[in-house]
Amino acid sequence: MQGHQLLVVALLASASAMAPSAKEAELHDFSCFANIKGFPTVGEREANAESILTSVRAKRDAANASAAMPEGTMKSDTCSEDEFGELTMGSMKELFRLVDLKETDSFMDLGSGLGEVPVSAAVLKGVHHATGVELYSTRHQAACRSLTKLSDELDKNSKGENASMVELVQGDLLKMNLGEATVVFSNNYCFHKHLNDKLAEKLASELPEGARIASTEAFVDLPPRLVRISESPLPLGEGVSVSLYEVQGKVPPKGEKPAAVRMSRRQMKQEAIARKHRKETKKAERAATANKKLSLLRKSLQGK
């Protein structure tokens, strides 16, 4: 799990339903935009995108310079607030493959950190609209600077006429309107259960029918309309994995709770297997943590 922790925290630590500090509030809900010109073909786009994205990548110092996280938003037993990492290019490509990302999709990253996932969705896949939501101004501003650099670089290198709209928003992910999103990604591995529960309810209440969701931490209690489509977390590479979901049924009228979604026997069996897998994984994690603490204690006693 250590590899998982180190890679996923950068995009996770930035998102929270808690209120930002007074300084953060001054820039709350600030957005930056760019029309990202695509390459003529997908193959050529993928062949050139990695070097261009790397050249404009925001520095990791921007993540570490962020304001301190509000208390109660992290899994303090498994995630350290001062550890940061990034999804690799290979992991992002695999994510886009798993959610079957298309040019007609509207992609949203809830907790986007330095903005690399939504930007890559635009550059690599040419999605219609890519949005990243980040709570903290330091990371958001760094993401906006790299977006400006990327737009300038693509203007020089791209011959394509089609463009993807990229929008990076500084704000609370639970206050975003998800009504037009067709694919949502959340690097929510370090979210506390209460935040994950609220996020799951929001996804189920607002996303259109047929929307696809990928999350690095599985939702424990699925609300109506949210259906798991992967029996267990699927690997992205570098220790990162995602659980996949699909939204079924029409969006309920405002103020009305979503109707329950009937599951087939096959889906019920898959859900039971997934629940068992999650329990076994968490049990193994607790055992590993206990063994590590015991080992450290023994070494400490032997040293006396």
# chains A, B, ... in the order shown; residues from 1 in each chain; ligands from 1
$ residues_around --residues "Val242 of chain A" --least-positions-apart "2" --cutoff "6 Å" --atoms "only C-alpha atoms" --output "MDAnalysis selection string"
chainID A and resid 214:216 233:234
$ residues_around --residues "segment 143-155 of chain A" --least-positions-apart "5" --cutoff "8 Å" --atoms "only C-alpha atoms" --output "count of residues only"
17
$ atom_distance --atom1 "atom CA of Gly179 of chain A" --atom2 "atom CA of Gly210 of chain A"
12.0 Å
$ closest_residue --among "A:Lys250, A:Lys102, A:Lys299, A:Lys156" --to "Glu206 of chain A" --atoms "only C-alpha atoms"
A:Lys250
$ atom_distance --atom1 "atom CA of Ser137 of chain A" --atom2 "atom CA of Phe191 of chain A"
19.3 Å
$ closest_residue --among "A:Thr54, A:Thr88, A:Thr138, A:Thr182" --to "Thr104 of chain A" --atoms "only C-alpha atoms"
A:Thr182
$ atom_distance --atom1 "atom CA of Val184 of chain A" --atom2 "atom CA of Arg212 of chain A"
6.4 Å
$ select_by_dssp --residues "segment 105-159 of chain A" --states "strand (DSSP E or B)" --output "list in words"
Ser106, Phe107, Met108, Asp109, Leu110, His129, Ala130, Thr131, Gly132, Val133 and Glu134 of chain A
$ closest_residue --among "A:Leu297, A:Val133, A:Met89, A:Phe33" --to "Ser51 of chain A" --atoms "only C-alpha atoms"
A:Met89
$ closest_residue --among "A:Leu294, A:Ala287, A:Ala130, A:Leu95" --to "Ala163 of chain A" --atoms "only C-alpha atoms"
A:Ala130
